[in-house]
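Participant: Handing over target31.cif, mmCIF, C-alpha atoms and all ligand atoms.
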data_start
#
loop_
_atom_site.label_atom_id
_atom_site.label_comp_id
_atom_site.auth_asym_id
_atom_site.auth_seq_id
_atom_site.Cartn_x
_atom_site.Cartn_y
_atom_site.Cartn_z
CA MET A 97 38.46 150.38 59.41
CA HIS A 98 40.93 153.24 59.35
CA SER A 99 39.45 156.66 59.94
CA GLN A 100 40.83 160.06 59.03
CA HIS A 101 38.85 161.67 61.86
CA PRO A 102 40.56 162.65 65.09
CA LEU A 103 40.36 160.02 67.80
CA PRO A 104 37.38 160.35 70.14
CA THR A 105 37.97 161.50 73.70
CA PRO A 106 39.59 158.51 75.39
CA THR A 107 37.27 156.48 77.57
CA HIS A 108 38.54 154.68 80.63
CA SER A 109 39.16 151.47 78.71
CA ASN A 110 40.98 153.32 75.92
CA THR A 111 43.39 154.99 78.29
CA ARG A 112 43.97 151.74 80.09
CA SER A 113 44.74 149.90 76.88
CA ARG A 114 47.63 152.25 76.10
CA ARG A 115 50.41 150.79 78.18
CA ARG A 116 52.88 153.27 79.63
CA VAL A 117 56.19 151.48 79.36
CA VAL A 118 59.64 151.97 80.89
CA ILE A 119 62.43 150.31 78.92
CA LEU A 120 65.51 149.33 80.90
CA GLY A 121 68.19 148.54 78.33
CA CYS A 122 66.90 150.76 75.51
CA THR A 123 70.10 150.81 73.43
CA GLY A 124 70.52 147.04 73.31
CA SER A 125 68.97 144.82 70.68
CA ILE A 126 65.77 144.06 72.68
CA GLY A 127 65.43 147.72 73.66
CA GLN A 128 65.69 148.84 70.07
CA SER A 129 63.09 146.26 69.04
CA ALA A 130 60.82 147.56 71.81
CA LEU A 131 61.10 151.06 70.37
CA LYS A 132 60.16 149.66 66.94
CA VAL A 133 57.06 148.18 68.54
CA ALA A 134 56.24 151.57 70.11
CA GLU A 135 56.63 153.12 66.66
CA ASP A 136 54.38 150.45 65.16
CA ILE A 137 51.53 150.52 67.71
CA PRO A 138 51.55 154.08 69.13
CA ASN A 139 47.94 153.80 70.27
CA ARG A 140 48.84 150.87 72.51
CA MET A 141 52.33 151.71 73.76
CA GLU A 142 53.73 154.91 75.21
CA VAL A 143 57.40 155.16 76.16
CA VAL A 144 57.61 156.91 79.54
CA GLY A 145 61.12 155.96 80.65
CA LEU A 146 64.40 154.98 79.00
CA ALA A 147 67.53 153.55 80.59
CA ALA A 148 70.79 152.31 79.12
CA ASP A 149 74.24 151.43 80.32
CA ARG A 150 76.73 153.73 78.59
CA SER A 151 75.95 154.17 74.86
CA VAL A 152 75.62 157.96 75.12
CA ASP A 153 74.98 158.85 71.48
CA THR A 154 72.26 156.28 70.85
CA PHE A 155 70.69 157.07 74.21
CA VAL A 156 70.67 160.82 73.63
CA SER A 157 69.04 160.49 70.22
CA GLN A 158 66.42 158.12 71.65
CA VAL A 159 65.62 160.56 74.48
CA ARG A 160 65.32 163.43 71.97
CA HIS A 161 63.00 161.35 69.80
CA TRP A 162 60.81 159.72 72.46
CA LYS A 163 60.77 162.52 75.07
CA PRO A 164 60.33 160.15 78.03
CA LYS A 165 59.23 161.46 81.44
CA ALA A 166 62.47 160.17 82.98
CA CYS A 167 65.74 158.59 81.90
CA THR A 168 68.84 156.92 83.33
CA LEU A 169 72.33 156.04 82.19
CA PHE A 170 73.88 153.44 84.47
CA ASN A 171 77.46 154.58 83.93
CA PRO A 172 78.06 157.87 85.83
CA SER A 173 80.49 159.44 83.35
CA ALA A 174 78.21 158.50 80.44
CA ALA A 175 75.33 160.08 82.39
CA ALA A 176 77.37 163.28 82.85
CA GLU A 177 78.09 163.38 79.11
CA ALA A 178 74.39 162.82 78.28
CA ARG A 179 73.39 165.69 80.62
CA LEU A 180 75.72 168.02 78.72
CA GLN A 181 74.29 166.92 75.37
CA LEU A 182 70.64 166.99 76.41
CA GLY A 183 70.71 170.29 78.29
CA SER A 184 67.74 171.50 80.30
CA LYS A 185 64.97 170.80 77.77
CA HIS A 186 64.87 167.14 78.77
CA PRO A 187 64.39 165.42 82.11
CA GLN A 188 67.36 165.03 84.44
CA VAL A 189 69.49 161.99 83.53
CA TRP A 190 69.68 159.72 86.56
CA GLU A 191 72.56 157.29 87.06
CA GLY A 192 73.60 154.00 88.67
CA GLU A 193 71.43 151.30 90.21
CA ALA A 194 69.50 153.96 92.11
CA GLY A 195 68.67 155.59 88.76
CA LEU A 196 67.44 152.27 87.34
CA CYS A 197 65.26 151.72 90.42
CA GLU A 198 63.84 155.26 90.18
CA LEU A 199 62.82 154.49 86.62
CA ALA A 200 61.45 151.07 87.53
CA THR A 201 59.14 152.68 90.09
CA LEU A 202 58.14 155.70 87.97
CA PRO A 203 54.58 156.73 88.96
CA GLU A 204 53.63 157.24 85.28
CA ALA A 205 54.55 153.64 84.31
CA ASP A 206 52.31 150.54 84.07
CA LEU A 207 54.86 148.13 82.67
CA VAL A 208 58.62 147.87 83.07
CA LEU A 209 60.49 146.04 80.33
CA ILE A 210 63.72 144.66 81.73
CA ALA A 211 66.17 144.11 78.91
CA ILE A 212 69.48 144.72 80.67
CA VAL A 213 72.14 142.12 79.90
CA GLY A 214 73.32 140.18 82.93
CA THR A 215 72.30 140.49 86.54
CA SER A 216 72.01 144.24 87.05
CA GLY A 217 68.30 144.11 86.21
CA LEU A 218 67.49 142.13 89.35
CA ARG A 219 67.10 144.95 91.89
CA PRO A 220 65.18 147.19 89.45
CA ALA A 221 62.86 144.23 88.68
CA LEU A 222 62.11 143.73 92.37
CA ALA A 223 61.68 147.49 92.85
CA ALA A 224 59.15 147.56 90.00
CA ILE A 225 57.19 144.66 91.52
CA GLU A 226 57.17 146.32 94.95
CA ALA A 227 55.80 149.48 93.31
CA GLY A 228 52.96 147.40 91.83
CA LYS A 229 54.17 147.48 88.22
CA ASP A 230 53.81 144.58 85.83
CA ILE A 231 57.20 143.52 84.52
CA ALA A 232 58.15 142.15 81.13
CA ILE A 233 61.36 140.16 81.42
CA ALA A 234 63.83 139.84 78.59
CA SER A 235 66.86 139.37 80.87
CA LYS A 236 66.67 135.69 81.72
CA GLU A 237 69.33 136.02 84.44
CA ILE A 238 66.73 137.58 86.73
CA LEU A 239 64.58 134.45 86.89
CA VAL A 240 67.54 132.09 86.72
CA MET A 241 69.19 133.68 89.75
CA ALA A 242 66.21 134.62 91.81
CA GLY A 243 63.17 132.92 90.28
CA SER A 244 61.65 131.95 93.62
CA VAL A 245 62.13 135.42 95.11
CA VAL A 246 60.84 137.28 92.03
CA MET A 247 57.78 135.06 91.46
CA GLU A 248 56.89 135.09 95.15
CA ALA A 249 57.11 138.90 95.24
CA ALA A 250 54.94 139.14 92.11
CA ARG A 251 52.32 136.83 93.65
CA ARG A 252 52.32 138.85 96.85
CA LYS A 253 51.87 142.15 95.02
CA GLY A 254 49.43 140.74 92.46
CA VAL A 255 51.50 141.87 89.46
CA ARG A 256 52.19 140.06 86.21
CA VAL A 257 55.55 138.69 85.10
CA LEU A 258 55.32 138.69 81.31
CA PRO A 259 57.97 136.74 79.42
CA VAL A 260 59.64 138.44 76.46
CA ASP A 261 62.17 135.75 75.64
CA SER A 262 60.71 134.34 72.40
CA GLU A 263 60.49 130.78 73.76
CA HIS A 264 58.79 131.72 77.01
CA ASN A 265 56.49 134.13 75.27
CA ALA A 266 55.49 131.26 72.97
CA ILE A 267 54.82 128.97 75.94
CA PHE A 268 52.88 131.77 77.64
CA GLN A 269 50.69 132.01 74.53
CA CYS A 270 50.18 128.23 74.35
CA LEU A 271 49.30 127.99 78.05
CA GLU A 272 46.84 130.85 78.01
CA GLY A 273 43.69 129.94 79.89
CA ARG A 274 44.60 126.30 80.37
CA ASP A 275 44.63 124.29 83.54
CA PRO A 276 48.28 123.90 84.66
CA ARG A 277 47.50 120.32 85.68
CA SER A 278 46.78 119.48 82.03
CA VAL A 279 50.38 120.25 81.02
CA SER A 280 52.70 117.28 80.64
CA ARG A 281 55.74 118.91 79.06
CA ILE A 282 57.18 122.30 78.15
CA ILE A 283 59.24 121.91 74.97
CA LEU A 284 61.75 124.68 74.37
CA THR A 285 63.01 124.94 70.82
CA ALA A 286 66.68 125.80 70.25
CA SER A 287 68.33 126.90 67.02
CA GLY A 288 71.35 124.78 68.01
CA GLY A 289 73.69 127.72 67.44
CA PRO A 290 76.45 128.02 64.83
CA PHE A 291 78.17 124.75 65.84
CA ARG A 292 75.18 122.43 65.70
CA LYS A 293 76.90 120.27 63.06
CA LEU A 294 80.52 120.84 64.09
CA PRO A 295 82.35 117.64 65.13
CA ALA A 296 83.18 117.62 68.85
CA ASP A 297 86.97 117.69 68.30
CA LYS A 298 86.67 120.91 66.28
CA LEU A 299 84.98 122.77 69.15
CA LEU A 300 88.40 123.22 70.78
CA ASN A 301 89.53 125.69 68.11
CA VAL A 302 86.37 127.75 67.77
CA THR A 303 87.14 131.50 67.83
CA PRO A 304 85.01 134.25 69.41
CA ALA A 305 84.31 135.65 65.92
CA GLU A 306 82.94 132.27 64.76
CA ALA A 307 80.89 131.88 67.94
CA LEU A 308 79.35 135.33 67.51
CA LYS A 309 77.77 134.41 64.17
CA HIS A 310 74.25 133.28 64.98
CA PRO A 311 72.32 131.57 62.17
CA THR A 312 68.81 132.93 62.74
CA TRP A 313 68.73 135.64 65.40
CA ASP A 314 70.63 138.92 65.51
CA MET A 315 71.60 139.40 69.15
CA GLY A 316 74.08 140.86 71.63
CA LYS A 317 77.51 139.30 72.29
CA LYS A 318 76.87 137.49 75.58
CA ILE A 319 73.67 135.88 74.35
CA SER A 320 75.30 134.89 71.05
CA ILE A 321 78.02 132.98 72.89
CA ASP A 322 75.38 131.46 75.17
CA SER A 323 73.50 130.36 72.10
CA ALA A 324 76.64 128.71 70.71
CA THR A 325 77.38 126.83 73.98
CA LEU A 326 73.64 126.08 74.53
CA PHE A 327 73.91 127.79 77.93
CA ASN A 328 71.24 130.13 76.59
CA LYS A 329 68.87 127.19 76.35
CA GLY A 330 70.03 125.92 79.74
CA LEU A 331 69.22 129.27 81.33
CA GLU A 332 65.86 129.20 79.54
CA MET A 333 65.07 125.77 81.04
CA ILE A 334 65.53 127.21 84.52
CA GLU A 335 63.61 130.36 83.55
CA ALA A 336 60.68 128.20 82.32
CA ARG A 337 60.70 126.23 85.54
CA TRP A 338 60.00 129.42 87.53
CA LEU A 339 57.79 131.31 85.10
CA PHE A 340 55.37 128.44 84.60
CA ASP A 341 55.88 126.66 87.92
CA VAL A 342 56.70 123.30 86.33
CA PRO A 343 59.17 120.83 87.78
CA MET A 344 62.50 120.55 85.95
CA PRO A 345 61.89 117.02 84.54
CA GLN A 346 58.91 118.43 82.62
CA VAL A 347 61.09 120.95 80.79
CA ASP A 348 62.53 119.59 77.55
CA VAL A 349 64.63 120.93 74.67
CA VAL A 350 64.46 120.10 70.98
CA ILE A 351 66.79 121.51 68.32
CA HIS A 352 64.84 123.32 65.60
CA PRO A 353 67.33 125.12 63.34
CA GLN A 354 64.82 127.35 61.53
CA SER A 355 63.57 129.03 64.77
CA ILE A 356 60.06 129.32 63.32
CA ILE A 357 58.35 127.35 66.07
CA HIS A 358 59.30 129.39 69.12
CA SER A 359 58.34 126.70 71.61
CA MET A 360 55.59 124.19 72.39
CA VAL A 361 53.48 122.81 75.18
CA GLU A 362 52.50 119.16 75.37
CA PHE A 363 49.32 118.35 77.30
CA VAL A 364 48.38 115.20 79.17
CA ASP A 365 46.40 113.93 76.15
CA SER A 366 49.66 114.09 74.11
CA SER A 367 48.36 116.98 72.02
CA ILE A 368 50.87 119.73 71.42
CA LEU A 369 50.30 123.44 70.91
CA ALA A 370 53.03 125.48 69.24
CA GLN A 371 53.49 129.17 68.53
CA LEU A 372 54.98 130.22 65.19
CA SER A 373 56.04 133.54 63.68
CA ALA A 374 58.87 135.09 61.73
CA THR A 375 62.08 135.48 63.76
CA ASP A 376 61.73 139.01 65.04
CA MET A 377 61.74 139.98 68.72
CA CYS A 378 59.06 142.58 67.99
CA PHE A 379 56.50 139.75 68.10
CA PRO A 380 57.02 138.69 71.73
CA ILE A 381 57.60 142.29 72.85
CA GLN A 382 54.32 143.41 71.31
CA TYR A 383 52.42 140.52 72.89
CA ALA A 384 53.83 141.38 76.32
CA VAL A 385 52.73 144.99 75.84
CA THR A 386 49.21 144.34 74.51
CA TRP A 387 48.46 141.17 76.49
CA PRO A 388 45.84 139.83 76.85
CA GLU A 389 44.77 141.41 73.58
CA ARG A 390 46.15 141.05 70.08
CA VAL A 391 46.40 144.06 67.81
CA PRO A 392 47.36 144.45 64.13
CA ASN A 393 50.88 145.58 63.30
CA ARG A 394 53.22 145.97 60.36
CA LEU A 395 55.27 142.87 61.09
CA PRO A 396 55.60 140.33 58.29
CA PRO A 397 53.23 137.36 58.51
CA LEU A 398 54.71 133.90 58.11
CA ASN A 399 54.76 132.82 54.48
CA PHE A 400 54.44 129.04 54.40
CA SER A 401 55.20 128.80 50.69
CA GLU A 402 58.64 130.33 51.37
CA LEU A 403 59.40 127.93 54.22
CA SER A 404 61.07 124.91 52.70
CA LYS A 405 61.03 122.77 55.82
CA LEU A 406 60.91 122.67 59.58
CA GLU A 407 63.53 120.33 61.06
CA PHE A 408 63.86 118.84 64.53
CA GLU A 409 66.64 116.88 66.21
CA ALA A 410 67.75 115.91 69.69
CA PRO A 411 70.38 118.16 71.27
CA ARG A 412 73.97 116.75 71.43
CA ALA A 413 73.99 116.61 75.21
CA GLU A 414 77.42 114.91 75.42
CA ASP A 415 79.18 117.45 73.20
CA PHE A 416 77.33 120.48 74.60
CA PRO A 417 77.16 119.85 78.38
CA ALA A 418 75.35 123.13 79.16
CA LEU A 419 71.89 121.53 79.12
CA ASN A 420 72.82 118.89 81.69
CA LEU A 421 74.55 121.47 83.88
CA ALA A 422 71.39 123.59 83.76
CA ARG A 423 69.18 120.59 84.54
CA TRP A 424 71.40 119.86 87.53
CA ALA A 425 71.18 123.49 88.70
CA GLY A 426 67.43 123.71 88.13
CA THR A 427 66.72 120.41 89.89
CA THR A 428 68.93 121.26 92.87
CA GLY A 429 67.60 124.82 93.04
CA GLY A 430 68.60 127.08 95.93
CA THR A 431 71.69 129.11 95.10
CA LEU A 432 73.00 126.72 92.41
CA PRO A 433 71.26 128.37 89.42
CA ALA A 434 72.72 131.76 90.45
CA VAL A 435 76.14 130.14 90.63
CA LEU A 436 75.77 128.55 87.19
CA ASN A 437 74.69 131.90 85.78
CA ALA A 438 77.53 133.89 87.36
CA ALA A 439 80.19 131.32 86.45
CA ASN A 440 78.94 131.32 82.87
CA GLU A 441 79.08 135.13 82.63
CA VAL A 442 82.69 135.16 83.83
CA ALA A 443 83.68 132.25 81.57
CA VAL A 444 82.08 133.91 78.51
CA GLU A 445 84.03 137.11 79.21
CA ALA A 446 87.23 135.07 79.49
CA PHE A 447 86.49 133.37 76.17
CA LEU A 448 85.70 136.67 74.41
CA ALA A 449 88.96 138.12 75.78
CA GLY A 450 90.90 135.18 74.38
CA ARG A 451 91.71 133.87 77.86
CA CYS A 452 90.20 130.42 77.39
CA ARG A 453 89.03 128.04 74.70
CA PHE A 454 85.41 127.47 73.78
CA PRO A 455 84.87 124.11 75.60
CA SER A 456 86.53 125.61 78.69
CA ILE A 457 83.35 127.63 79.22
CA TRP A 458 81.50 124.40 80.18
CA LYS A 459 84.43 123.02 82.17
CA THR A 460 84.81 126.26 84.10
CA VAL A 461 81.11 126.43 84.98
CA GLU A 462 81.08 122.80 86.11
CA THR A 463 84.14 123.32 88.34
CA THR A 464 82.51 126.31 90.04
CA MET A 465 79.21 124.45 90.51
CA GLN A 466 81.02 121.51 92.08
CA ALA A 467 82.87 123.78 94.49
CA HIS A 468 79.70 125.56 95.64
CA GLN A 469 78.00 124.86 98.99
CA VAL A 470 74.32 125.12 98.07
CA ASP A 471 71.96 127.13 100.25
CA SER A 472 68.67 125.38 99.51
CA ALA A 473 66.25 128.11 100.67
CA PRO A 474 68.05 131.38 99.95
CA ASP A 475 66.76 134.94 100.24
CA LEU A 476 67.94 137.74 97.95
CA VAL A 477 70.95 138.48 100.18
CA SER A 478 72.28 134.93 100.03
CA ILE A 479 71.56 134.71 96.28
CA LEU A 480 73.63 137.84 95.69
CA ALA A 481 76.35 136.48 98.00
CA ALA A 482 76.43 133.22 96.00
CA ASP A 483 76.63 135.26 92.80
CA ARG A 484 79.64 137.23 94.12
CA TRP A 485 81.33 134.09 95.43
CA ALA A 486 80.88 132.38 92.05
CA ARG A 487 82.33 135.33 90.13
CA THR A 488 85.48 135.46 92.26
CA PHE A 489 85.91 131.69 92.32
CA THR A 490 85.41 131.42 88.55
CA GLU A 491 87.78 134.30 87.80
CA ASN A 492 90.48 132.37 89.68
CA ASN A 493 89.60 129.01 88.14
CA ILE A 494 89.21 129.54 84.41
CA ALA A 495 89.84 126.19 82.73
CA HIS A 496 92.39 126.08 79.92
MG MG I 1 65.40 132.76 73.72
#
Would you mind writing the file out in structure tokens?
Ligand code: MG

Facilitator:
Amino acid sequence: MHSQHPLPTPTHSNTRSRRRVVILGCTGSIGQSALKVAEDIPNRMEVVGLAADRSVDTFVSQVRHWKPKACTLFNPSAAAEARLQLGSKHPQVWEGEAGLCELATLPEADLVLIAIVGTSGLRPALAAIEAGKDIAIASKEILVMAGSVVMEAARRKGVRVLPVDSEHNAIFQCLEGRDPRSVSRIILTASGGPFRKLPADKLLNVTPAEALKHPTWDMGKKISIDSATLFNKGLEMIEARWLFDVPMPQVDVVIHPQSIIHSMVEFVDSSILAQLSATDMCFPIQYAVTWPERVPNRLPPLNFSELSKLEFEAPRAEDFPALNLARWAGTTGGTLPAVLNAANEVAVEAFLAGRCRFPSIWKTVETTMQAHQVDSAPDLVSILAADRWARTFTENNIAH
């Protein structure tokens, strides 16, 4: 029942149920969806910190609107510009990795949403965990690179790692309250990307513009290319392995072009639970914020009469080698997933800059993985060293 009366004085449980959230990556597509969620469920989500890379104008208008307790722009000259625009009425704009870590450990925050593209969210994620904050992860690179380190730190500090990637959020929902030993398979769904039906010989001439057109999700550039190569799904396989502590052979992928089923869990009795919703990142973001509760929102419910069909097919593993490369990296473990991730980032940049063809992304990543000497029990320092090595090696070995 909606009431016109002012809210009663908050009780302990009321105050606790309003999550105070820091958003790292607020100007990106996940960050903007997170702000929509905050707009939609203001009684459950308060924005206390905002950080972005360098999009000054968007950042400044967000800070003016949301009035966070603290804010950071990663890029120092962008931060200087934002300070000029914001003046003294708003909190000091911090900068760099130190600024991200300050925000991640903000005393006023309960939950840190990490939605920074690439690997720069890793140190802030670990800083947040050390400060006892729950983290919601939208940047899959963090768990791909350093899954063992991050999950171990979270266990040690007793904090939650909440998945925001739609697939992992779906699996998280399906697994809720179930005995991990009853799980036989995690089944990640994949849209298949824009080239799902393209003959293998045509992949050679794919342009960045064609690869950036995603059929069902509206996303950033890097993740759109990853979705076209299926590296996105490969990274998600490794992410699932760490988040849910399942061995790699139990992580499977099925192509589901409509992206309505966000992922599934098969149990030992061969029953399968799936999570479905419209394709909008606000769903998983909201669940991460309100977990373990569910609250009403203004998001569109799924209309089954408008859904013509749900299709499923096996991925074309031969034509899209990313899944096998990821399985190799996830099974081997150690520093190899970080190397796959770094090599892929460099190869995607090369492709977007017109420096290599589309299938060269896979070839380049494979070459770097083959050249890598795996450290099988790495700490953060050796993971970051492997990441740097892979970037340099890949830069010098882009396939043509
Ligand atoms: Mg995903």

Participant: Need the axis-aligned box for stretch 125-143 of chain A with 3 Å each side, so what are the centre and edges in Å to one decimal, as AutoDock Vina command-line options?

Facilitator:
--center_x 58.5 --center_y 149.6 --center_z 70.7 --size_x 27.0 --size_y 17.1 --size_z 17.0

Participant: From the list A:Ser151, A:Ser157, A:Thr285, A:Ser280, which residue is nearest ligand MG 1 (chain I) when using all atoms listed in the file?

Facilitator: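 Closest candidate: A:Thr285.
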
Participant: Which distance in Å separates atom CA of A:Leu199 and atom CA of A:Lys236, to one decimal?

Facilitator: 19.8 Å

Participant: Measuring atom to atom with all atoms listed in the file, identify which of A:Ile351, A:Ile494, A:Leu369, A:Ala176 is nearest to A:Leu271.

Facilitator: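 Closest to A:Leu271 of all the choices is A:Leu369.
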
Participant: Show me a table, sorted first by chain and then by increasing residue number, of the residues of stretch 170-244 of chain A having an atom at most 12 Å from stretch 439-448 of chain A, each with its shortest atom pair and the distance in Å to one decimal, counting all atoms listed in the file and written as a tab-separated table.

Facilitator:
residue	atom	partner	partner_atom	distance
A:Val213	CA	A:Glu441	CA	10.2
A:Gly214	CA	A:Glu441	CA	7.7
A:Thr215	CA	A:Glu441	CA	9.5
A:Glu237	CA	A:Glu441	CA	10.0
A:Met241	CA	A:Ala439	CA	11.7

Participant: Which residue is closest to A:Arg484? Choose from A:Arg252, A:Arg150, A:Arg423, A:His468 and count all atoms listed in the file.

Facilitator: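 Of all the options, A:His468 lies closest to A:Arg484.
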
Participant: Take atom CA of A:Ile233 and atom CA of A:Val347 and report the distance between them in Å, one decimal.

Facilitator: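 So the two atoms, atom CA of A:Ile233 and atom CA of A:Val347, lie 19.2 Å apart.
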
Participant: Got a sec to check which residues lie within 12 Å of ligand MG 1 (chain I), using all atoms listed in the file, and send them as a short mmCIF file (atom, residue, chain, number, x, y, z; two decimals) with C-alpha atoms, keeping the file's coordinate frame?

Facilitator:
data_model
loop_
_atom_site.label_atom_id
_atom_site.label_comp_id
_atom_site.auth_asym_id
_atom_site.auth_seq_id
_atom_site.Cartn_x
_atom_site.Cartn_y
_atom_site.Cartn_z
CA ILE A 126 65.77 144.06 72.68
CA ILE A 233 61.36 140.16 81.42
CA ALA A 234 63.83 139.84 78.59
CA SER A 235 66.86 139.37 80.87
CA LYS A 236 66.67 135.69 81.72
CA GLU A 237 69.33 136.02 84.44
CA PRO A 259 57.97 136.74 79.42
CA VAL A 260 59.64 138.44 76.46
CA ASP A 261 62.17 135.75 75.64
CA SER A 262 60.71 134.34 72.40
CA GLU A 263 60.49 130.78 73.76
CA HIS A 264 58.79 131.72 77.01
CA ASN A 265 56.49 134.13 75.27
CA ALA A 266 55.49 131.26 72.97
CA ILE A 267 54.82 128.97 75.94
CA LEU A 284 61.75 124.68 74.37
CA THR A 285 63.01 124.94 70.82
CA ALA A 286 66.68 125.80 70.25
CA SER A 287 68.33 126.90 67.02
CA GLY A 288 71.35 124.78 68.01
CA GLY A 289 73.69 127.72 67.44
CA THR A 312 68.81 132.93 62.74
CA TRP A 313 68.73 135.64 65.40
CA ASP A 314 70.63 138.92 65.51
CA MET A 315 71.60 139.40 69.15
CA ILE A 319 73.67 135.88 74.35
CA SER A 320 75.30 134.89 71.05
CA ASP A 322 75.38 131.46 75.17
CA SER A 323 73.50 130.36 72.10
CA LEU A 326 73.64 126.08 74.53
CA PHE A 327 73.91 127.79 77.93
CA ASN A 328 71.24 130.13 76.59
CA LYS A 329 68.87 127.19 76.35
CA GLY A 330 70.03 125.92 79.74
CA LEU A 331 69.22 129.27 81.33
CA GLU A 332 65.86 129.20 79.54
CA MET A 333 65.07 125.77 81.04
CA GLU A 335 63.61 130.36 83.55
CA ALA A 336 60.68 128.20 82.32
CA VAL A 349 64.63 120.93 74.67
CA SER A 355 63.57 129.03 64.77
CA ILE A 357 58.35 127.35 66.07
CA HIS A 358 59.30 129.39 69.12
CA SER A 359 58.34 126.70 71.61
CA THR A 375 62.08 135.48 63.76
CA ASP A 376 61.73 139.01 65.04
CA MET A 377 61.74 139.98 68.72
CA PRO A 380 57.02 138.69 71.73
#

Participant: If I put a ball of radius 10 Å at (72.0, 122.7, 88.5) in the file's coordinates, which residues poke into it when counting all atoms listed in the file, written as a PDB file with C-alpha atoms, in the coordinates of the input?

Facilitator:
ATOM      1  CA  GLY A 330      70.030 125.920  79.740  1.00  0.00           C
ATOM      2  CA  ILE A 334      65.530 127.210  84.520  1.00  0.00           C
ATOM      3  CA  ALA A 418      75.350 123.130  79.160  1.00  0.00           C
ATOM      4  CA  LEU A 419      71.890 121.530  79.120  1.00  0.00           C
ATOM      5  CA  ASN A 420      72.820 118.890  81.690  1.00  0.00           C
ATOM      6  CA  LEU A 421      74.550 121.470  83.880  1.00  0.00           C
ATOM      7  CA  ALA A 422      71.390 123.590  83.760  1.00  0.00           C
ATOM      8  CA  ARG A 423      69.180 120.590  84.540  1.00  0.00           C
ATOM      9  CA  TRP A 424      71.400 119.860  87.530  1.00  0.00           C
ATOM     10  CA  ALA A 425      71.180 123.490  88.700  1.00  0.00           C
ATOM     11  CA  GLY A 426      67.430 123.710  88.130  1.00  0.00           C
ATOM     12  CA  THR A 427      66.720 120.410  89.890  1.00  0.00           C
ATOM     13  CA  THR A 428      68.930 121.260  92.870  1.00  0.00           C
ATOM     14  CA  GLY A 429      67.600 124.820  93.040  1.00  0.00           C
ATOM     15  CA  GLY A 430      68.600 127.080  95.930  1.00  0.00           C
ATOM     16  CA  THR A 431      71.690 129.110  95.100  1.00  0.00           C
ATOM     17  CA  LEU A 432      73.000 126.720  92.410  1.00  0.00           C
ATOM     18  CA  PRO A 433      71.260 128.370  89.420  1.00  0.00           C
ATOM     19  CA  ALA A 434      72.720 131.760  90.450  1.00  0.00           C
ATOM     20  CA  VAL A 435      76.140 130.140  90.630  1.00  0.00           C
ATOM     21  CA  LEU A 436      75.770 128.550  87.190  1.00  0.00           C
ATOM     22  CA  ASN A 437      74.690 131.900  85.780  1.00  0.00           C
ATOM     23  CA  GLU A 462      81.080 122.800  86.110  1.00  0.00           C
ATOM     24  CA  MET A 465      79.210 124.450  90.510  1.00  0.00           C
ATOM     25  CA  GLN A 466      81.020 121.510  92.080  1.00  0.00           C
TER      26      GLN A 466
END

Participant: Record the distance separating atom CA of A:Ala147 and atom CA of A:Phe170, expressed in Å with one decimal.

Facilitator: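 A separation of 7.4 Å between them.
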
Participant: Can you pull out every residue within 7 Å of A:Glu407, counting only C-alpha atoms, but drop anything in the same chain fewer than 2 positions away, and send it as an NGL selection string?

Facilitator: :A and (352-353 or 405 or 409)

Participant: I'd like the neighbourhood of A:Val208 as a PyMOL selection string, where a residue qualifies if any of its atoms comes within 9 Å (using only C-alpha atoms), though same-chain residues fewer than 2 positions away should be ignored.

Facilitator: chain A and resi 116-120+145+199-201+205-206+210+221+224+229-233

Participant: Do you have, as JSON lines, the list of residues of stretch 190-307 of chain A lying at most 9 Å from stretch 474-479 of chain A, each with its nearest atom pair and that distance in Å to one decimal, counting only C-alpha atoms and ordered by chain then number?

Facilitator:
{"residue": "A:Met241", "atom": "CA", "partner": "A:Ile479", "partner_atom": "CA", "distance": 7.0}
{"residue": "A:Ala242", "atom": "CA", "partner": "A:Ile479", "partner_atom": "CA", "distance": 7.0}
{"residue": "A:Ser244", "atom": "CA", "partner": "A:Asp475", "partner_atom": "CA", "distance": 8.9}
{"residue": "A:Val245", "atom": "CA", "partner": "A:Leu476", "partner_atom": "CA", "distance": 6.9}

Participant: So that I have them on file, write out the residues from the current selection with C-alpha atoms, as an mmCIF file, in the frame of the given file.

Facilitator:
data_model
loop_
_atom_site.group_PDB
_atom_site.id
_atom_site.type_symbol
_atom_site.label_atom_id
_atom_site.label_comp_id
_atom_site.auth_asym_id
_atom_site.auth_seq_id
_atom_site.Cartn_x
_atom_site.Cartn_y
_atom_site.Cartn_z
ATOM 1 C CA MET A 241 69.190 133.680 89.750
ATOM 2 C CA ALA A 242 66.210 134.620 91.810
ATOM 3 C CA SER A 244 61.650 131.950 93.620
ATOM 4 C CA VAL A 245 62.130 135.420 95.110
#

Participant: When you look at A:Arg114 with a cut-off of 7 Å (counting all atoms listed in the file), what residues show up, excluding the ones that are within fewer than 4 positions of it in the same chain? I need them as number ranges by chain.

Facilitator: A: 110, 139-142

Participant: Output C-alpha atoms for every residue in that selection, as an mmCIF file, in the coordinates of the input.

Facilitator:
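After the write, selection.cif holds the following:
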data_model
loop_
_atom_site.group_PDB
_atom_site.id
_atom_site.type_symbol
_atom_site.label_atom_id
_atom_site.label_comp_id
_atom_site.auth_asym_id
_atom_site.auth_seq_id
_atom_site.Cartn_x
_atom_site.Cartn_y
_atom_site.Cartn_z
ATOM 1 C CA ASN A 110 40.980 153.320 75.920
ATOM 2 C CA ASN A 139 47.940 153.800 70.270
ATOM 3 C CA ARG A 140 48.840 150.870 72.510
ATOM 4 C CA MET A 141 52.330 151.710 73.760
ATOM 5 C CA GLU A 142 53.730 154.910 75.210
#
